[in-house]
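First the structure, in the form of structure tokens, and then the observations on it.
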4 protein chains.
Amino acid sequence: MAGNSFGEVFKISTFGESHGVAIGVIIDGCPPNVPIDIDFIQNELDKRKPGQSKITTQRKESDTCKILSGIFEGKTTGTPIAIVIPNEDQKSKDYDHNKDIFRPSHADYTYQAKYGIRDHRGGGRSSARETAARVAAGAVAKLYLNQQDIDILAHVSSVGKLNAAEIPFTTAQDFIQKRENNIVRCADENMALHMIALIDKVRKDGDTIGGKISCSVKNCPVGLGEPVFDKLHADLGKAMLSINAVHGFEYGSGFDGSQMLGSQHNDTFISNENGTISTNSNYAGGILGGISSGMDINFRVAFKPVATIMSTQQTVNTAGEVSEIKGKGRHDPCVVPRAVAIVEAMAALVIADHLLRHKVYQ
Amino acid sequence: MAGNSFGEVFKISTFGESHGVAIGVIIDGCPPNVPIDIDFIQNELDKRKPGQSKITTQRKESDTCKILSGIFEGKTTGTPIAIVIPNEDQKSKDYDHNKDIFRPSHADYTYQAKYGIRDHRGGGRSSARETAARVAAGAVAKLYLNQQDIDILAHVSSVGKLNAAEIPFTTAQDFIQKRENNIVRCADENMALHMIALIDKVRKDGDTIGGKISCSVKNCPVGLGEPVFDKLHADLGKAMLSINAVHGFEYGSGFDGSQMLGSQHNDTFISNENGTISTNSNYAGGILGGISSGMDINFRVAFKPVATIMSTQQTVNTAGEVSEIKGKGRHDPCVVPRAVAIVEAMAALVIADHLLRHKVYQ
Amino acid sequence: MAGNSFGEVFKISTFGESHGVAIGVIIDGCPPNVPIDIDFIQNELDKRKPGQSKITTQRKESDTCKILSGIFEGKTTGTPIAIVIPNEDQKSKDYDHNKDIFRPSHADYTYQAKYGIRDHRGGGRSSARETAARVAAGAVAKLYLNQQDIDILAHVSSVGKLNAAEIPFTTAQDFIQKRENNIVRCADENMALHMIALIDKVRKDGDTIGGKISCSVKNCPVGLGEPVFDKLHADLGKAMLSINAVHGFEYGSGFDGSQMLGSQHNDTFISNENGTISTNSNYAGGILGGISSGMDINFRVAFKPVATIMSTQQTVNTAGEVSEIKGKGRHDPCVVPRAVAIVEAMAALVIADHLLRHKVYQ
Amino acid sequence: MAGNSFGEVFKISTFGESHGVAIGVIIDGCPPNVPIDIDFIQNELDKRKPGQSKITTQRKESDTCKILSGIFEGKTTGTPIAIVIPNEDQKSKDYDHNKDIFRPSHADYTYQAKYGIRDHRGGGRSSARETAARVAAGAVAKLYLNQQDIDILAHVSSVGKLNAAEIPFTTAQDFIQKRENNIVRCADENMALHMIALIDKVRKDGDTIGGKISCSVKNCPVGLGEPVFDKLHADLGKAMLSINAVHGFEYGSGFDGSQMLGSQHNDTFISNENGTISTNSNYAGGILGGISSGMDINFRVAFKPVATIMSTQQTVNTAGEVSEIKGKGRHDPCVVPRAVAIVEAMAALVIADHLLRHKVYQ
């Protein structure tokens, strides 16, 4: 009922606050006998961790994860996998100025109103730090999906009004290499330079900026998704909207599709030589009636600009009085470069969950 | 696990196929002692039913609902409320031509692949007819929300590239009247005329067109939403994406917000004379950190064009051979006028559910 | 959250009151392509229906079921199966005397206290009439289990202090025949005569009496059950305890096992010629660590005597005043003969659910 | 779906194996603003820990718990509470002899069959060590229940065939003192001496013995329980049956009730001077129709004897060959003295969960 679990079969429950002892996750429902590569999990966490480059926050957290259970001799056993990430950079004092004030466009006010108490240090539970636990769990999901040759590939497709072109790539590895070649994590390496320059300028202005992430699921088998409510895109949408700062989700033709005619939008089925069926366009985004069709699954996620800016803003304090807040601390000028790992993790969790859910029909 | 239930406390389970005996819903978790006005429920269903006007399908279904349980002397008893809507227009023969063919951009192919069997008559379970059950359940949720003075107000905000202006209104009743004054259900009565003309033209061309619905939740109390996964907007997003033909969801600043600077996007808190706190803008869409802030909740839903068009399309049959499908039957040229009732119903279900979920903290 | 659903994959939601329009059930998660024999379902309902014999209530309800959805051309489609059983014998007037009084050992008082409202006619939702919906759903589960050659076999093993002997039988059909040969549904046909005589005497005295039902699951595969909370026997226990009038559940050695030594109680593993492993005793009741072992699963269920007796009892009315209640109406002197069908249905639902849950590991 | 979570609102998820890094629990749904006394939690764990007395296993584990999240300035915040208990006594080598053998009446065989892999060290996940995590979570539930003046009081009511008398007591503290005065944890201090002598004899014989625990919930408010499936006693039953070694559960009149007449069994309602309603007997065990009546809730739990005995037993190895197992290691001759803390913890979790579930009706 409280909302800290996600998934039905491959189910995760996260815990932890920004400046508590640790954050972490329990994965319940990962199939047995999946080989677990701890370096892979750590590598995924490293893509999300702070302090990676000049365009991310300069906070230092190694985000080193430790597995407490569920693995025996390098493989999953089918029992719960608990992963803990200790909080290292717990400069709680840095946040004393937040104790009695509601930061604009943050969750301070609503947490206080909902629970009657809040851990004000760094946003507590509402901090995006919680998403590190999701990335760790998503890495385990990816290790399972890799066994089925399914790839999840996301990158930064826009920063502010700068939009990446669709860049052709050969393999998942090729795509990831293109993306990881630049600190903004955009596969369009030319546009990446402009994006970096823009974020850097915004950062120097003490401001922040929004952006978008595009994601594809490659080689997803036909049949995933559980109509009528747990349609595959509905669960992907919920997964993405649950990420901090996300304000929009669309798949396939998305919002543009609402401007099209049926005669333009319909994807024509074709019969392939190997006996499979595909379509010669993909406005459906790889999902028909909430069930994967075997085509690539494509979706986009919109992130608002980070709320913490380096200028003085008017606000209200916990006593309801008009007050001022002065920007300080170490924050991201734009979240999308670090959020690529989060989007991929949440997508991997949804696909792994639905792969397993679909098994009951087989 | 199978996906035919929605909600945690105010939970619904729908059943039924387009051309079976009946469709319907069980509501489990509606609080006791809510007065039930059966005419109100029927009135909501009438907004969704086919055959309403020249711009909707000409199929005739009265969609008359019957309550089987859970009501005693006009009030809910806290036990499950079962509502059944018999299928009247069961011209199954009309659909024999669909038996061996996969209609483009429909769910025929994916249902067959997933389950190894499908009820081909009118789309079976994948038919939007299922949403009538949601509207009936949503009407019960509205009766509960009305007791708390919460209003859910949606209308058609765009058809194709025609966009409604934001029209000021005084009361919920005033808004509903403006919207119901025209058959396209757009509160901008001037733009409504253009929308109707466009849909009528598309219909005559044997084509279909997409559109958008905007929805507001008025007077929603502070504190609804369950971070970190069951954020209020994440559950609203899932609810909307589970509706047939929806390809996108955004709330507050939405996709546009991804192009903004933090200094533009932050909503400033202000202290009101009555002791409450609000903001002087609402890019947050009434939700901060996944929890309602007390401001209006605003979101938009994008619908793709209806897949059934009146021209001949190439496709593949169940044997995997290239085949042709000729449009016939009675279908909607544009779903948004009838989908307003569905969007409101799903929003009402989410808000009622989270109101009840929040009670455990009180 | 409200408790009218049972199961995780093979999930049922029941609805309906004793004297409302109808009772019924939605089954969500039954696998597709299971042949549905409506006569078999009706036959199961007939074993539970009132008015079967002189030792059951003389109320007349045909309990005729109707399937509204989820079946196409005689097979399940993987979509929700809705089954409705109209209430025929709605002599609500018979129950006006219950309106303002709390019947001893009935749920009138607690329902009123919990919900602030209750349908007093025949106990409303608390009536054992609700279990007819379970029997219908359990019959569908049995049709699925029959495909896997799993049999669920229950009978009345005691009435009051009369205990049946363990009677050898050859096949499931043989067992069922022995049991159905007598109206008390006890496979020990000799003891059945004594039980019938006892119940008949109790009935003539205007009194009621308790009893026990024993149940076996035959040919259950190894591996069902989900530790650590959803152990197979824990879910069987909850299923049985959720049946009206049940006050106890034990499996394998049960309560007697608490008096034994480990050296007596341990079942020795043996290796069979066909390569399987079994045990040479079965104090474990076919379940080790919450997971089925492949041995027969055995459990017993204790039913208290029916609360409605034909004598005058002192009680309290809804105003809190001392009052009297006089027994009248048509009631069962002993529930166990009719409850055999309910025990089997609930067991079938648990086993079908865990069979499907186990599929995600395969 | 995997079964490592329990509860709907006050929900726990446990993790960890007997000889892994740590065991622990996440509590999701504990209300905010509950004061957390870490010493109380540790004290509860101490009642379950090994090495307490001569009649428990001599293994040494301090079972020191650490809270990682969810507490701020000594109070719960409404966010997930993660508690970790490191494994200290990880003499995995001690268990190498179990690697290739299936211990009689243990879960080795069924875990191997279900998951295709198992952590053989000390039973892995099937070890009763997992219940320490439940006791920690149950202690938090008790801290919440204490705020509502609800007490959960269990003790050892039988060991083998030795049965405790019902001993009158004044307060919860008085009861606990009587029970904690002796190492077998029986409130009948005279019978306790006989029980201790019996266990000690069994221990010297290298054997083990079963027993029973009785539990009462005092001051439980009217109205808890969610018919028709989540009846209060059904959830208590599942909770108890999920504890290692439990083979039976009964409440109120229990199995004896199945031998009674209705005229004996019915509890008569009486009206109290303070306006409340109670009954002058309590065969119902404090629960009517699955809903608490305000009377004491009473139930009994039967534990089989521990499977590990100090003699040589015949069994089968993982290759399916006949083999022998020789008892060694440090094990409990009787689990009930340590299981009192587990029974209370699980009862506290059920009552806390249903208290919160009931809030949605208020």
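Residue numbers start at 1 in each chain; chains themselves are named A, B, ... in the order of the structure tokens; ligands are numbered from 1 in the order shown.
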Could you give me, as a list in words, each residue of stretch 34-71 of chain A that DSSP assigns to helix (DSSP H, G or I) when run on this structure's backbone?
->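 So, restricting stretch 34-71 of chain A to helix (DSSP H, G or I), we get Ile38, Asp39, Phe40, Ile41, Gln42, Asn43, Glu44, Leu45, Asp46, Lys47 and Arg48 of chain A.
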Considering only C-alpha atoms, extract the chain D residues located within 12 Å of chain B and return them as a PyMOL selection string.
-> chain D and resi 1-2+8-10+28-34+76-80+226-228+352-362
Backbone-only DSSP, strand (DSSP E) members of stretch 170-264 of chain A, as a ChimeraX atom specification = /A:211-218,246-251
All residues 12 Å or closer to B:Gly70, only C-alpha atoms, same chain fewer than 3 positions away omitted, as an MDAnalysis selection string = (chainID B and resid 26:36 66:67 73:83 140) or (chainID C and resid 4 14:23 117:119 124:125)
What does the distance from atom CA of A:Val156 to atom CA of B:Lys231 come to in Å, to one decimal?
->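 According to the coordinates, atom CA of A:Val156 and atom CA of B:Lys231 are separated by 23.8 Å.
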Quick one: everything within 7 Å of B:Ser5, counting only C-alpha atoms, minus sequence neighbours fewer than 4 positions away in the same chain. Send it as a ChimeraX atom specification.
-> /A:229 /B:11-14
Interatomic distance (Å, one decimal) between atom CA of B:Ala136 and atom CA of B:Gln52 |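 Separating atom CA of B:Ala136 from atom CA of B:Gln52 is a distance of 17.4 Å.
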Selection near B:Gly286, 12 Å with only C-alpha atoms, sequence-local residues under 5 positions removed, as number ranges by chain | A: 105, 107, 110, 247; B: 216-225, 232-233, 251-253, 267, 278-281, 291-299
Go ahead and write the residues just picked, N, CA, C and O atoms, as a short mmCIF file (atom, residue, chain, number, x, y, z; two decimals), in the first residue's frame.
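File written: out-v2.cif
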```cif
data_model
loop_
_atom_site.label_atom_id
_atom_site.label_comp_id
_atom_site.auth_asym_id
_atom_site.auth_seq_id
_atom_site.Cartn_x
_atom_site.Cartn_y
_atom_site.Cartn_z
N SER A 105 9.33 24.22 -5.53
CA SER A 105 9.30 23.10 -6.49
C SER A 105 9.99 21.84 -5.97
O SER A 105 10.27 20.92 -6.74
N ALA A 107 9.82 18.80 -2.69
CA ALA A 107 8.75 18.06 -2.01
C ALA A 107 8.72 18.33 -0.50
O ALA A 107 7.98 17.66 0.23
N THR A 110 5.05 19.14 0.70
CA THR A 110 4.07 18.05 0.61
C THR A 110 4.43 16.87 1.53
O THR A 110 3.54 16.24 2.09
N HIS A 247 8.02 14.68 -16.12
CA HIS A 247 6.71 15.31 -16.30
C HIS A 247 5.95 14.79 -17.50
O HIS A 247 4.82 15.26 -17.74
N SER B 216 -8.57 18.36 -15.33
CA SER B 216 -8.19 19.00 -14.07
C SER B 216 -8.90 18.32 -12.91
O SER B 216 -10.07 17.94 -13.04
N VAL B 217 -8.19 18.21 -11.79
CA VAL B 217 -8.81 17.78 -10.55
C VAL B 217 -8.86 19.01 -9.65
O VAL B 217 -7.82 19.59 -9.32
N LYS B 218 -10.06 19.41 -9.28
CA LYS B 218 -10.27 20.61 -8.49
C LYS B 218 -10.51 20.25 -7.02
O LYS B 218 -11.23 19.29 -6.74
N ASN B 219 -9.92 21.04 -6.13
CA ASN B 219 -10.14 20.86 -4.68
C ASN B 219 -9.56 19.56 -4.14
O ASN B 219 -10.03 19.03 -3.13
N CYS B 220 -8.54 19.07 -4.80
CA CYS B 220 -7.88 17.87 -4.28
C CYS B 220 -7.10 18.26 -3.03
O CYS B 220 -6.31 19.20 -3.05
N PRO B 221 -7.29 17.56 -1.92
CA PRO B 221 -6.57 17.95 -0.70
C PRO B 221 -5.06 17.70 -0.82
O PRO B 221 -4.62 16.92 -1.66
N VAL B 222 -4.29 18.37 0.02
CA VAL B 222 -2.84 18.15 0.10
C VAL B 222 -2.58 16.75 0.65
O VAL B 222 -3.31 16.28 1.53
N GLY B 223 -1.57 16.07 0.10
CA GLY B 223 -1.11 14.84 0.76
C GLY B 223 -1.38 13.55 0.04
O GLY B 223 -0.94 12.49 0.49
N LEU B 224 -2.06 13.58 -1.11
CA LEU B 224 -2.35 12.32 -1.80
C LEU B 224 -1.18 11.91 -2.69
O LEU B 224 -0.59 12.74 -3.39
N GLY B 225 -0.89 10.63 -2.71
CA GLY B 225 0.23 10.10 -3.49
C GLY B 225 1.16 9.36 -2.56
O GLY B 225 1.32 9.73 -1.41
N LEU B 232 1.46 10.25 -7.24
CA LEU B 232 0.10 10.50 -7.73
C LEU B 232 0.09 10.61 -9.25
O LEU B 232 -0.78 10.05 -9.93
N HIS B 233 1.06 11.32 -9.81
CA HIS B 233 1.07 11.49 -11.28
C HIS B 233 1.46 10.19 -11.98
O HIS B 233 1.10 9.96 -13.13
N TYR B 251 1.89 15.92 -17.32
CA TYR B 251 1.17 16.71 -16.30
C TYR B 251 1.96 17.99 -16.04
O TYR B 251 3.16 18.07 -16.31
N GLY B 252 1.25 19.00 -15.52
CA GLY B 252 1.91 20.29 -15.27
C GLY B 252 2.56 20.79 -16.54
O GLY B 252 1.94 20.82 -17.60
N SER B 253 3.82 21.15 -16.44
CA SER B 253 4.53 21.71 -17.60
C SER B 253 4.75 20.68 -18.69
O SER B 253 5.00 21.04 -19.85
N ASP B 267 7.80 27.11 -9.10
CA ASP B 267 6.59 27.78 -8.61
C ASP B 267 6.90 28.36 -7.23
O ASP B 267 7.37 27.65 -6.34
N SER B 278 -0.05 28.13 -0.98
CA SER B 278 -0.24 27.77 -2.38
C SER B 278 0.95 28.28 -3.18
O SER B 278 1.96 28.70 -2.60
N THR B 279 0.87 28.20 -4.50
CA THR B 279 1.97 28.69 -5.33
C THR B 279 1.41 29.68 -6.34
O THR B 279 0.24 29.60 -6.72
N ASN B 280 2.25 30.63 -6.77
CA ASN B 280 1.73 31.66 -7.69
C ASN B 280 1.86 31.28 -9.16
O ASN B 280 1.55 32.07 -10.04
N SER B 281 2.35 30.11 -9.42
CA SER B 281 2.23 29.52 -10.75
C SER B 281 2.04 28.03 -10.50
O SER B 281 2.07 27.60 -9.34
N ILE B 291 3.26 13.96 -4.54
CA ILE B 291 2.19 14.18 -3.55
C ILE B 291 1.43 15.45 -3.93
O ILE B 291 2.04 16.47 -4.24
N SER B 292 0.10 15.38 -3.87
CA SER B 292 -0.71 16.54 -4.23
C SER B 292 -0.40 17.71 -3.31
O SER B 292 -0.19 17.54 -2.11
N SER B 293 -0.37 18.93 -3.90
CA SER B 293 0.03 20.12 -3.14
C SER B 293 -1.16 20.98 -2.74
O SER B 293 -1.00 21.98 -2.05
N GLY B 294 -2.36 20.61 -3.20
CA GLY B 294 -3.53 21.44 -2.94
C GLY B 294 -3.88 22.35 -4.11
O GLY B 294 -4.98 22.88 -4.17
N MET B 295 -2.93 22.53 -5.04
CA MET B 295 -3.24 23.28 -6.26
C MET B 295 -4.01 22.36 -7.22
O MET B 295 -4.03 21.14 -7.05
N ASP B 296 -4.61 22.95 -8.25
CA ASP B 296 -5.28 22.13 -9.26
C ASP B 296 -4.31 21.12 -9.87
O ASP B 296 -3.17 21.47 -10.19
N ILE B 297 -4.78 19.90 -10.04
CA ILE B 297 -3.98 18.90 -10.75
C ILE B 297 -4.37 18.95 -12.22
O ILE B 297 -5.55 18.86 -12.55
N ASN B 298 -3.38 19.15 -13.08
CA ASN B 298 -3.63 19.30 -14.52
C ASN B 298 -2.83 18.30 -15.33
O ASN B 298 -1.64 18.15 -15.11
N PHE B 299 -3.50 17.63 -16.26
CA PHE B 299 -2.74 16.72 -17.14
C PHE B 299 -3.41 16.63 -18.51
O PHE B 299 -4.58 17.02 -18.67
#
```
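For the pair atom CA of C:Ala113 and atom CA of D:Phe269, the separation is 14.1 Å.
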Could you name the residues that touch stretch 163-180 of chain C at 9 Å or less, counting only C-alpha atoms, but leaving out those on the same chain fewer than 4 positions away, as a count of residues only?
-> 21
Among listed residues B:Ile277, B:Val316, B:Cys65, B:Ala302, nearest A:Gly254 (using only C-alpha atoms) | B:Ala302
Exercise: A:Gly138 partners within 10 Å, only C-alpha atoms, chain neighbours under 6 positions left out, as a ChimeraX atom specification | /A:12,27,41,44-45,132,144,341-350,352
